[in-house]
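Data from target_17.cif: mmCIF, C-alpha atoms
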data_model
loop_
_atom_site.group_PDB
_atom_site.id
_atom_site.type_symbol
_atom_site.label_atom_id
_atom_site.label_comp_id
_atom_site.auth_asym_id
_atom_site.auth_seq_id
_atom_site.Cartn_x
_atom_site.Cartn_y
_atom_site.Cartn_z
ATOM 1 C CA MET A 1 29.832 -75.225 19.588
ATOM 2 C CA ALA A 2 29.684 -77.015 16.240
ATOM 3 C CA PHE A 3 31.696 -79.287 13.984
ATOM 4 C CA PRO A 4 34.018 -77.527 11.509
ATOM 5 C CA ARG A 5 32.783 -77.240 7.935
ATOM 6 C CA PRO A 6 34.249 -76.418 4.530
ATOM 7 C CA GLU A 7 34.611 -72.845 3.426
ATOM 8 C CA GLY A 8 31.456 -72.022 1.537
ATOM 9 C CA ILE A 9 29.098 -73.710 4.016
ATOM 10 C CA GLU A 10 27.760 -70.955 6.252
ATOM 11 C CA THR A 11 24.471 -72.395 7.481
ATOM 12 C CA TYR A 12 24.719 -75.097 10.154
ATOM 13 C CA HIS A 13 21.509 -76.985 10.925
ATOM 14 C CA THR A 14 20.700 -78.883 14.122
ATOM 15 C CA LYS A 15 17.114 -79.752 13.240
ATOM 16 C CA PRO A 16 15.122 -80.365 10.028
ATOM 17 C CA TYR A 17 14.466 -77.485 7.626
ATOM 18 C CA PRO A 18 12.210 -77.034 4.569
ATOM 19 C CA ALA A 19 14.639 -78.371 1.937
ATOM 20 C CA ILE A 20 14.767 -81.800 3.627
ATOM 21 C CA ASP A 21 11.135 -81.946 4.757
ATOM 22 C CA VAL A 22 10.168 -85.556 3.996
ATOM 23 C CA THR A 23 6.597 -84.550 3.146
ATOM 24 C CA ARG A 24 7.801 -82.662 0.071
ATOM 25 C CA PRO A 25 6.560 -84.495 -3.064
ATOM 26 C CA GLU A 26 10.070 -84.251 -4.543
ATOM 27 C CA LEU A 27 11.395 -86.452 -1.705
ATOM 28 C CA SER A 28 8.687 -89.103 -1.955
ATOM 29 C CA ALA A 29 9.789 -92.647 -1.146
ATOM 30 C CA LYS A 30 6.619 -94.140 -2.612
ATOM 31 C CA ASP A 31 7.222 -97.508 -4.288
ATOM 32 C CA LYS A 32 10.792 -97.656 -2.961
ATOM 33 C CA VAL A 33 12.029 -100.791 -1.204
ATOM 34 C CA VAL A 34 14.133 -99.580 1.719
ATOM 35 C CA LEU A 35 16.462 -101.669 3.886
ATOM 36 C CA ILE A 36 17.848 -100.252 7.119
ATOM 37 C CA THR A 37 20.366 -102.338 9.048
ATOM 38 C CA GLY A 38 20.041 -101.817 12.775
ATOM 39 C CA GLY A 39 16.620 -100.382 12.024
ATOM 40 C CA GLY A 40 14.793 -101.259 15.221
ATOM 41 C CA SER A 41 16.172 -98.685 17.633
ATOM 42 C CA GLY A 42 18.014 -95.378 17.942
ATOM 43 C CA LEU A 43 18.930 -93.733 14.662
ATOM 44 C CA GLY A 44 17.814 -96.775 12.673
ATOM 45 C CA ARG A 45 14.296 -96.579 14.033
ATOM 46 C CA ALA A 46 14.130 -92.862 13.244
ATOM 47 C CA PHE A 47 15.291 -93.603 9.689
ATOM 48 C CA THR A 48 12.586 -96.263 9.300
ATOM 49 C CA GLU A 49 9.889 -93.921 10.582
ATOM 50 C CA HIS A 50 10.920 -91.094 8.267
ATOM 51 C CA PHE A 51 10.993 -93.288 5.167
ATOM 52 C CA ALA A 52 7.498 -94.477 6.114
ATOM 53 C CA LYS A 53 6.431 -90.844 6.533
ATOM 54 C CA ALA A 54 7.887 -90.142 3.071
ATOM 55 C CA GLY A 55 5.611 -92.801 1.597
ATOM 56 C CA SER A 56 7.591 -96.033 1.523
ATOM 57 C CA THR A 57 5.334 -99.013 2.174
ATOM 58 C CA LYS A 58 8.064 -101.629 1.768
ATOM 59 C CA LEU A 59 10.479 -101.330 4.662
ATOM 60 C CA ALA A 60 12.908 -103.990 5.840
ATOM 61 C CA ILE A 61 14.822 -103.680 9.102
ATOM 62 C CA THR A 62 17.548 -105.897 10.507
ATOM 63 C CA GLY A 63 18.894 -106.292 14.020
ATOM 64 C CA ARG A 64 20.011 -108.810 16.630
ATOM 65 C CA ARG A 65 17.026 -108.395 19.000
ATOM 66 C CA ALA A 66 13.724 -109.793 17.741
ATOM 67 C CA ASN A 67 11.648 -108.019 20.395
ATOM 68 C CA VAL A 68 13.070 -104.610 19.451
ATOM 69 C CA LEU A 69 12.394 -105.205 15.749
ATOM 70 C CA GLU A 70 8.849 -106.392 16.412
ATOM 71 C CA GLU A 71 8.071 -103.381 18.590
ATOM 72 C CA ALA A 72 9.294 -101.052 15.839
ATOM 73 C CA LYS A 73 7.231 -102.928 13.240
ATOM 74 C CA LYS A 74 4.081 -102.728 15.360
ATOM 75 C CA ASP A 75 4.414 -99.002 16.063
ATOM 76 C CA ILE A 76 5.338 -97.970 12.524
ATOM 77 C CA GLU A 77 2.604 -100.005 10.839
ATOM 78 C CA ALA A 78 0.066 -98.544 13.278
ATOM 79 C CA THR A 79 1.239 -94.981 12.683
ATOM 80 C CA TYR A 80 1.584 -95.179 8.901
ATOM 81 C CA PRO A 81 -1.344 -97.094 7.345
ATOM 82 C CA GLY A 82 -0.243 -99.094 4.340
ATOM 83 C CA ALA A 83 3.347 -99.410 5.505
ATOM 84 C CA LYS A 84 4.671 -102.954 5.738
ATOM 85 C CA VAL A 85 7.753 -103.610 7.859
ATOM 86 C CA LEU A 86 9.705 -106.812 7.288
ATOM 87 C CA THR A 87 11.810 -107.765 10.315
ATOM 88 C CA LEU A 88 14.988 -109.787 9.835
ATOM 89 C CA VAL A 89 16.874 -111.031 12.885
ATOM 90 C CA GLY A 90 20.588 -111.457 12.355
ATOM 91 C CA ASP A 91 24.081 -110.071 12.869
ATOM 92 C CA VAL A 92 25.684 -108.151 9.994
ATOM 93 C CA ALA A 93 28.985 -109.837 10.877
ATOM 94 C CA ASP A 94 27.375 -113.138 9.795
ATOM 95 C CA ALA A 95 27.629 -113.413 5.994
ATOM 96 C CA ASN A 96 24.977 -116.129 5.813
ATOM 97 C CA ALA A 97 22.522 -113.972 7.747
ATOM 98 C CA ALA A 98 23.185 -111.051 5.405
ATOM 99 C CA ASN A 99 22.659 -113.206 2.310
ATOM 100 C CA ASP A 100 19.454 -114.682 3.734
ATOM 101 C CA ALA A 101 18.145 -111.217 4.605
ATOM 102 C CA PHE A 102 18.547 -109.848 1.085
ATOM 103 C CA ALA A 103 17.082 -112.989 -0.462
ATOM 104 C CA THR A 104 14.025 -112.642 1.780
ATOM 105 C CA ILE A 105 13.613 -108.950 0.986
ATOM 106 C CA LYS A 106 13.842 -109.545 -2.743
ATOM 107 C CA SER A 107 11.315 -112.381 -2.675
ATOM 108 C CA THR A 108 8.931 -110.393 -0.432
ATOM 109 C CA PHE A 109 9.194 -106.827 -1.723
ATOM 110 C CA GLY A 110 11.402 -106.917 -4.811
ATOM 111 C CA PRO A 111 14.833 -105.374 -5.496
ATOM 112 C CA VAL A 112 16.239 -102.937 -2.931
ATOM 113 C CA ASP A 113 16.105 -99.262 -3.980
ATOM 114 C CA VAL A 114 17.674 -97.778 -0.845
ATOM 115 C CA LEU A 115 20.202 -99.425 1.448
ATOM 116 C CA ILE A 116 20.990 -97.674 4.732
ATOM 117 C CA ASN A 117 24.065 -99.263 6.331
ATOM 118 C CA ASN A 118 23.385 -98.175 9.902
ATOM 119 C CA ALA A 119 24.299 -101.154 12.084
ATOM 120 C CA GLY A 120 27.475 -100.427 13.998
ATOM 121 C CA TYR A 121 29.357 -101.131 17.193
ATOM 122 C CA LEU A 122 31.081 -98.742 19.591
ATOM 123 C CA PRO A 123 33.756 -100.611 21.590
ATOM 124 C CA HIS A 124 34.657 -99.498 25.100
ATOM 125 C CA TYR A 125 36.897 -96.476 25.373
ATOM 126 C CA VAL A 126 40.314 -97.854 26.357
ATOM 127 C CA PRO A 127 43.850 -97.132 25.105
ATOM 128 C CA ILE A 128 45.620 -99.517 22.748
ATOM 129 C CA GLY A 129 47.213 -102.355 24.686
ATOM 130 C CA SER A 130 44.804 -102.174 27.611
ATOM 131 C CA THR A 131 43.378 -105.416 28.966
ATOM 132 C CA ASP A 132 40.417 -103.602 30.540
ATOM 133 C CA GLN A 133 36.848 -103.934 29.282
ATOM 134 C CA GLY A 134 37.466 -107.075 27.242
ATOM 135 C CA GLY A 135 40.916 -106.228 25.873
ATOM 136 C CA PHE A 136 41.652 -107.000 22.225
ATOM 137 C CA ALA A 137 38.491 -109.068 21.716
ATOM 138 C CA GLU A 138 36.379 -106.020 22.501
ATOM 139 C CA TRP A 139 38.621 -103.788 20.369
ATOM 140 C CA TRP A 140 38.389 -106.173 17.400
ATOM 141 C CA LYS A 141 34.607 -106.417 17.648
ATOM 142 C CA GLY A 142 34.541 -102.900 16.210
ATOM 143 C CA TYR A 143 36.117 -104.278 13.036
ATOM 144 C CA GLU A 144 33.919 -107.375 13.011
ATOM 145 C CA VAL A 145 30.742 -105.288 12.970
ATOM 146 C CA ASN A 146 31.800 -102.027 11.336
ATOM 147 C CA VAL A 147 34.101 -103.372 8.604
ATOM 148 C CA LYS A 148 33.303 -107.047 8.091
ATOM 149 C CA GLY A 149 29.620 -106.270 8.560
ATOM 150 C CA SER A 150 29.781 -103.588 5.880
ATOM 151 C CA TYR A 151 31.518 -105.991 3.499
ATOM 152 C CA ASN A 152 28.857 -108.639 4.123
ATOM 153 C CA ILE A 153 26.004 -106.204 3.558
ATOM 154 C CA LEU A 154 27.470 -104.807 0.348
ATOM 155 C CA THR A 155 28.216 -108.270 -1.013
ATOM 156 C CA ALA A 156 24.692 -109.504 -0.302
ATOM 157 C CA PHE A 157 23.178 -106.284 -1.658
ATOM 158 C CA LEU A 158 24.602 -106.933 -5.128
ATOM 159 C CA SER A 159 22.273 -109.891 -5.596
ATOM 160 C CA ALA A 160 19.181 -107.868 -4.725
ATOM 161 C CA ALA A 161 19.936 -104.302 -5.840
ATOM 162 C CA ALA A 162 17.504 -102.302 -7.940
ATOM 163 C CA LYS A 163 18.792 -100.423 -10.953
ATOM 164 C CA GLY A 164 20.260 -97.072 -9.869
ATOM 165 C CA ALA A 165 19.926 -97.885 -6.159
ATOM 166 C CA THR A 166 21.184 -95.552 -3.437
ATOM 167 C CA VAL A 167 23.583 -96.813 -0.758
ATOM 168 C CA ILE A 168 24.106 -94.674 2.334
ATOM 169 C CA ASN A 169 26.708 -95.541 4.950
ATOM 170 C CA LEU A 170 26.371 -94.057 8.421
ATOM 171 C CA SER A 171 29.884 -92.950 9.190
ATOM 172 C CA THR A 172 30.958 -90.580 11.956
ATOM 173 C CA ALA A 173 32.675 -87.260 12.532
ATOM 174 C CA GLY A 174 35.142 -89.404 14.504
ATOM 175 C CA VAL A 175 36.927 -90.403 11.283
ATOM 176 C CA ASN A 176 38.309 -86.870 11.143
ATOM 177 C CA VAL A 177 39.596 -86.584 14.711
ATOM 178 C CA LEU A 178 42.097 -88.408 16.914
ATOM 179 C CA PHE A 179 40.205 -89.153 20.122
ATOM 180 C CA PRO A 180 42.468 -90.988 22.608
ATOM 181 C CA THR A 181 40.941 -94.295 23.812
ATOM 182 C CA GLN A 182 38.628 -94.424 20.754
ATOM 183 C CA SER A 183 41.018 -96.156 18.339
ATOM 184 C CA ALA A 184 38.768 -99.179 17.804
ATOM 185 C CA TYR A 185 35.749 -97.153 16.754
ATOM 186 C CA GLY A 186 37.505 -94.347 14.917
ATOM 187 C CA SER A 187 39.786 -96.570 12.857
ATOM 188 C CA SER A 188 37.123 -99.174 12.057
ATOM 189 C CA LYS A 189 34.662 -96.514 10.932
ATOM 190 C CA MET A 190 37.393 -94.896 8.834
ATOM 191 C CA ALA A 191 38.084 -98.272 7.225
ATOM 192 C CA ALA A 192 34.378 -98.817 6.561
ATOM 193 C CA THR A 193 34.101 -95.349 5.030
ATOM 194 C CA ARG A 194 36.897 -96.203 2.625
ATOM 195 C CA VAL A 195 35.210 -99.520 1.773
ATOM 196 C CA PHE A 196 32.138 -97.597 0.624
ATOM 197 C CA GLU A 197 34.293 -95.276 -1.456
ATOM 198 C CA TYR A 198 35.772 -98.340 -3.156
ATOM 199 C CA PHE A 199 32.277 -99.731 -3.667
ATOM 200 C CA GLN A 200 31.299 -96.499 -5.416
ATOM 201 C CA ALA A 201 34.363 -96.647 -7.661
ATOM 202 C CA GLU A 202 33.649 -100.281 -8.541
ATOM 203 C CA HIS A 203 29.911 -99.755 -9.018
ATOM 204 C CA PRO A 204 29.285 -96.331 -10.570
ATOM 205 C CA GLU A 205 25.774 -97.467 -11.450
ATOM 206 C CA PHE A 206 24.789 -96.848 -7.822
ATOM 207 C CA ARG A 207 24.795 -93.658 -5.757
ATOM 208 C CA VAL A 208 26.983 -94.255 -2.690
ATOM 209 C CA VAL A 209 27.229 -91.640 0.058
ATOM 210 C CA ASN A 210 29.032 -91.566 3.415
ATOM 211 C CA VAL A 211 27.147 -89.503 5.983
ATOM 212 C CA ALA A 212 28.142 -88.154 9.408
ATOM 213 C CA PRO A 213 24.785 -88.167 11.248
ATOM 214 C CA GLY A 214 25.447 -85.547 13.906
ATOM 215 C CA VAL A 215 25.128 -86.010 17.658
ATOM 216 C CA VAL A 216 21.919 -87.606 18.883
ATOM 217 C CA LEU A 217 21.093 -89.305 22.161
ATOM 218 C CA THR A 218 21.103 -93.075 21.598
ATOM 219 C CA GLU A 219 22.273 -96.093 23.613
ATOM 220 C CA MET A 220 25.589 -95.921 21.751
ATOM 221 C CA HIS A 221 26.073 -92.204 22.389
ATOM 222 C CA GLU A 222 25.546 -92.641 26.130
ATOM 223 C CA ARG A 223 28.887 -94.481 26.220
ATOM 224 C CA THR A 224 30.526 -91.485 24.544
ATOM 225 C CA ILE A 225 28.998 -89.122 27.097
ATOM 226 C CA SER A 226 30.405 -91.238 29.923
ATOM 227 C CA ALA A 227 33.885 -91.297 28.347
ATOM 228 C CA LEU A 228 33.923 -87.535 27.811
ATOM 229 C CA ASP A 229 32.859 -86.955 31.414
ATOM 230 C CA LYS A 230 35.750 -89.096 32.693
ATOM 231 C CA MET A 231 38.190 -87.155 30.533
ATOM 232 C CA GLY A 232 36.803 -83.785 31.617
ATOM 233 C CA LYS A 233 35.884 -82.917 28.027
ATOM 234 C CA ASP A 234 32.988 -80.686 27.002
ATOM 235 C CA GLN A 235 29.973 -82.358 25.466
ATOM 236 C CA LEU A 236 28.907 -81.465 21.949
ATOM 237 C CA PRO A 237 25.321 -80.176 21.857
ATOM 238 C CA LEU A 238 22.747 -82.731 20.796
ATOM 239 C CA ASP A 239 21.018 -82.535 17.428
ATOM 240 C CA ASP A 240 17.362 -83.287 16.816
ATOM 241 C CA ILE A 241 17.218 -86.945 15.737
ATOM 242 C CA SER A 242 14.839 -85.897 12.967
ATOM 243 C CA LEU A 243 17.725 -84.027 11.296
ATOM 244 C CA PRO A 244 19.709 -87.111 10.184
ATOM 245 C CA ALA A 245 16.484 -89.036 9.582
ATOM 246 C CA SER A 246 15.119 -86.362 7.251
ATOM 247 C CA TYR A 247 18.515 -85.893 5.628
ATOM 248 C CA LEU A 248 18.745 -89.564 4.626
ATOM 249 C CA VAL A 249 15.349 -89.425 2.920
ATOM 250 C CA TRP A 250 16.565 -86.366 1.009
ATOM 251 C CA ALA A 251 19.926 -88.057 0.242
ATOM 252 C CA SER A 252 18.109 -90.936 -1.458
ATOM 253 C CA SER A 253 15.974 -88.630 -3.615
ATOM 254 C CA PRO A 254 16.758 -87.435 -7.163
ATOM 255 C CA GLU A 255 17.650 -84.013 -5.744
ATOM 256 C CA ALA A 256 20.735 -85.452 -4.040
ATOM 257 C CA GLU A 257 22.445 -86.916 -7.083
ATOM 258 C CA PHE A 258 25.161 -84.247 -6.717
ATOM 259 C CA ILE A 259 26.480 -85.799 -3.463
ATOM 260 C CA LYS A 260 27.170 -89.140 -5.139
ATOM 261 C CA GLY A 261 30.478 -90.554 -3.905
ATOM 262 C CA ARG A 262 31.010 -87.855 -1.282
ATOM 263 C CA PHE A 263 31.338 -87.711 2.502
ATOM 264 C CA VAL A 264 28.856 -85.202 3.922
ATOM 265 C CA TRP A 265 27.616 -83.942 7.284
ATOM 266 C CA VAL A 266 23.885 -83.699 7.961
ATOM 267 C CA HIS A 267 24.447 -80.235 9.446
ATOM 268 C CA TRP A 268 25.460 -78.629 6.161
ATOM 269 C CA ASP A 269 22.766 -76.746 4.292
ATOM 270 C CA VAL A 270 22.022 -78.699 1.124
ATOM 271 C CA HIS A 271 21.614 -75.622 -1.093
ATOM 272 C CA GLU A 272 24.982 -74.252 -0.007
ATOM 273 C CA LEU A 273 26.538 -77.689 -0.407
ATOM 274 C CA LYS A 274 25.248 -77.952 -3.964
ATOM 275 C CA ALA A 275 26.723 -74.561 -4.833
ATOM 276 C CA LEU A 276 30.049 -75.523 -3.258
ATOM 277 C CA LEU A 277 30.271 -78.838 -5.095
ATOM 278 C CA GLU A 278 29.442 -77.155 -8.372
ATOM 279 C CA LYS A 279 32.233 -74.680 -7.728
ATOM 280 C CA ARG A 280 34.663 -77.510 -6.950
ATOM 281 C CA LYS A 281 33.363 -80.049 -9.461
ATOM 282 C CA ASP A 282 36.840 -80.641 -10.883
ATOM 283 C CA ASP A 283 38.320 -81.442 -7.449
ATOM 284 C CA LYS A 284 37.912 -85.229 -7.434
ATOM 285 C CA GLY A 285 39.352 -85.580 -3.937
ATOM 286 C CA PHE A 286 37.033 -83.067 -2.270
ATOM 287 C CA LEU A 287 34.944 -84.628 0.530
ATOM 288 C CA HIS A 288 36.691 -87.990 0.244
ATOM 289 C CA THR A 289 38.998 -89.693 2.734
ATOM 290 C CA ALA A 290 42.621 -88.729 2.075
ATOM 291 C CA ILE A 291 45.901 -87.695 3.672
ATOM 292 C CA GLU A 292 45.610 -83.998 4.496
ATOM 293 C CA GLY A 293 48.065 -81.965 2.472
ATOM 294 C CA MET A 294 48.476 -84.594 -0.241
ATOM 295 C CA PRO A 295 46.826 -84.050 -3.635
ATOM 296 C CA ASN A 296 44.526 -86.700 -5.015
ATOM 297 C CA ILE A 297 46.529 -89.358 -6.859
ATOM 298 C CA PRO A 298 44.949 -90.078 -10.275
ATOM 299 C CA LEU A 299 44.719 -93.650 -11.539
#
Starting from the file, give its structure as structure tokens.
Amino acid sequence: MAFPRPEGIETYHTKPYPAIDVTRPELSAKDKVVLITGGGSGLGRAFTEHFAKAGSTKLAITGRRANVLEEAKKDIEATYPGAKVLTLVGDVADANAANDAFATIKSTFGPVDVLINNAGYLPHYVPIGSTDQGGFAEWWKGYEVNVKGSYNILTAFLSAAAKGATVINLSTAGVNVLFPTQSAYGSSKMAATRVFEYFQAEHPEFRVVNVAPGVVLTEMHERTISALDKMGKDQLPLDDISLPASYLVWASSPEAEFIKGRFVWVHWDVHELKALLEKRKDDKGFLHTAIEGMPNIPL
């Protein structure tokens, strides 16, 4: 069982493969300042580790739990000699915390070359109108973190961005499916995805990419597993967490310039994707959020 993919993508990966091997010299993150929101655990921690493995020695990670960030810092600096991890405690929904974080990164490491917008929130699975599990307050928290948080991070990033920086937003396959009881997460992540598309249109000097990271076992995904079990739905097979982590290092390298502005899945083979995008280079709406069946509306 696998996610659908565009015609022209035949190879579906569930673990890293040679083209996205972070030890390739072409994917080196040496001298890059990398910021990963929510970088202390789950996917964020894997991203931090893989950028360190790719040679970055200037890594900044944000999160709400100081102990989790410090544990990640200790382990990564011990594993990758020369790597320095700057921990920044704060909530992305707090604009002041976001501004302070970027100011600290810039003064400590310099301008940010790679921004990974990973921090997110998965509200409880309940239908619209339900008062269970926190009611509207819990539902709205998805927007506070996933949408407002993205806005805060992007706004603060502008004051500390390096020339030609890469911005990667961790989206979800859920933006392309109607999953009953998941309206808070699905719609807020769809909104955030569109925010990053606007950011790309407004700032063509950067490379902005929306990425669906696959299915990996994290604290957040455990809630999805529980919801699927209650609904009697089949579980999607898990991907190796090193797949999205390796993919993001590749996506921030010069080789990935061709995915600028697009929405991509980590499962798709990058060579086949490049050939497909070259074939459809004149289709400006391809791999962007849109109403299915409607052509792209030119401005």
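Going from CA of Thr155 (chain A) to CA of Ser41 (chain A) covers 24.2 Å.
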What are the closest atom pairs, with distances in Å to one decimal, for each residue of region 139-197 of chain A lying within 8 Å of region 284-289 of chain A, using all atoms listed in the file, rows by chain and rising residue number, as a Markdown table?
| residue | atom | partner | partner_atom | distance |
| --- | --- | --- | --- | --- |
| A:Thr193 | CA | A:Thr289 | CA | 7.8 |
| A:Arg194 | CA | A:Thr289 | CA | 6.8 |
| A:Glu197 | CA | A:His288 | CA | 7.9 |
- Top pick for closest residue to Val209 (chain A), considering A:Thr166, A:Thr57, A:Ser183, A:Ser242 and counting all atoms listed in the file: A:Thr166
- Message: At a cut-off of 6 Å, using all atoms listed in the file, what residues contact region 100-116 of chain A? Leave out same-chain residues fewer than 6 positions from it and give the result as a VMD selection string.
- Response: chain A and resid 32 to 36 160 to 162 165 to 168
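Within 8 Å of Ala95 (chain A), once all atoms listed in the file are used and residues closer than 4 positions along the same chain are dropped, the contacting residues are Asn99, Gly149, Asn152, Ile153 and Ala156 of chain A.
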- Note on the structure: Correct to one decimal, the distance CA of Leu236 (chain A)-CA of Arg5 (chain A) is 15.1 Å
Give as a short mmCIF file (atom, residue, chain, number, x, y, z; two decimals) with C-alpha atoms, keeping the file's coordinate frame each residue that has an atom at most 10 Å from (22.5, -75.4, 2.1) in the file, counting all atoms listed in the file.
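And here's part_36.cif as it stands now:
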data_model
loop_
_atom_site.label_atom_id
_atom_site.label_comp_id
_atom_site.auth_asym_id
_atom_site.auth_seq_id
_atom_site.Cartn_x
_atom_site.Cartn_y
_atom_site.Cartn_z
CA GLY A 8 31.46 -72.02 1.54
CA ILE A 9 29.10 -73.71 4.02
CA GLU A 10 27.76 -70.96 6.25
CA THR A 11 24.47 -72.40 7.48
CA TYR A 12 24.72 -75.10 10.15
CA HIS A 13 21.51 -76.98 10.92
CA TYR A 17 14.47 -77.48 7.63
CA ALA A 19 14.64 -78.37 1.94
CA HIS A 267 24.45 -80.24 9.45
CA TRP A 268 25.46 -78.63 6.16
CA ASP A 269 22.77 -76.75 4.29
CA VAL A 270 22.02 -78.70 1.12
CA HIS A 271 21.61 -75.62 -1.09
CA GLU A 272 24.98 -74.25 -0.01
CA LEU A 273 26.54 -77.69 -0.41
CA LYS A 274 25.25 -77.95 -3.96
CA ALA A 275 26.72 -74.56 -4.83
CA LEU A 276 30.05 -75.52 -3.26
#
- Message: Measuring between only C-alpha atoms, which one of A:Leu277, A:Val89, A:Ala52, A:Ala173 shows the shortest distance to Asn67 (chain A)?
- Response: A:Val89
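Near Glu70 (chain A), within a cut-off of 7 Å and counting all atoms listed in the file, sit the residues Ala66, Lys74 and Thr87 of chain A, with same-chain residues fewer than 4 positions away left out.
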- Message: Measuring between only C-alpha atoms, which one of A:Glu257, A:Asn176, A:Ile128, A:Gln182 shows the shortest distance to Glu205 (chain A)?
- Response: A:Glu257
- Would you translate the PyMOL selection byres ((chain A and resi 295) around 10) into the concrete set of residues it matches in this file, as a list in words?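 When the PyMOL selection byres ((chain A and resi 295) around 10) is applied, the selected residues are Asp283, Lys284, Gly285, Phe286, Ala290, Ile291, Glu292, Gly293, Met294, Asn296, Ile297 and Pro298 of chain A.
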Since we have the selection now, will you write its residues out, keeping C-alpha atoms, as a short mmCIF file (atom, residue, chain, number, x, y, z; two decimals), in the frame of the given file?
data_model
loop_
_atom_site.label_atom_id
_atom_site.label_comp_id
_atom_site.auth_asym_id
_atom_site.auth_seq_id
_atom_site.Cartn_x
_atom_site.Cartn_y
_atom_site.Cartn_z
CA ASP A 283 38.32 -81.44 -7.45
CA LYS A 284 37.91 -85.23 -7.43
CA GLY A 285 39.35 -85.58 -3.94
CA PHE A 286 37.03 -83.07 -2.27
CA ALA A 290 42.62 -88.73 2.08
CA ILE A 291 45.90 -87.70 3.67
CA GLU A 292 45.61 -84.00 4.50
CA GLY A 293 48.06 -81.96 2.47
CA MET A 294 48.48 -84.59 -0.24
CA ASN A 296 44.53 -86.70 -5.01
CA ILE A 297 46.53 -89.36 -6.86
CA PRO A 298 44.95 -90.08 -10.28
#
- Determine the residue set returned by the PyMOL selection byres ((chain A and resi 119) around 7) for the present structure, and present it as a VMD selection string. chain A and resid 37 to 38 117 to 118 120
- Query: Taking the file as shown, what set of residues would the PyMOL selection byres ((chain A and resi 71) around 12) give back, as a ChimeraX atom specification?
  - Reply: /A:39-41,45,61,65-70,72-78,85-87
- Task: Tell me, in Å to one decimal, how far CA of Ala192 (chain A) is from CA of Leu170 (chain A).
- Result: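 Distance between the two atoms: 9.5 Å.
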- Contacts of His124 (chain A) at 9 Å or less, counting all atoms listed in the file, minus same-chain residues fewer than 6 places along, as a list in words? Asp132, Gln133, Gly134, Glu138, Trp139, Thr181, Gln182, Ala184, Tyr185, Arg223 and Ala227 of chain A
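Among the candidate residues A:His50, A:Val249, A:Pro4, A:Pro180, the one lying nearest to Val126 (chain A) is A:Pro180, with distances computed using all atoms listed in the file.
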- Message: Measuring between all atoms listed in the file, which one of A:Phe263, A:Leu154, A:Lys15, A:Gly90 shows the shortest distance to His203 (chain A)?
- Response: A:Leu154
Give me the box for region 3-20 of chain A as AutoDock Vina command-line options, namely the centre and edge lengths in Å to one decimal of a box along x, y and z that holds every listed atom plus 4 Å on each side.
--center_x 23.4 --center_y -76.4 --center_z 7.8 --size_x 30.4 --size_y 18.8 --size_z 20.6
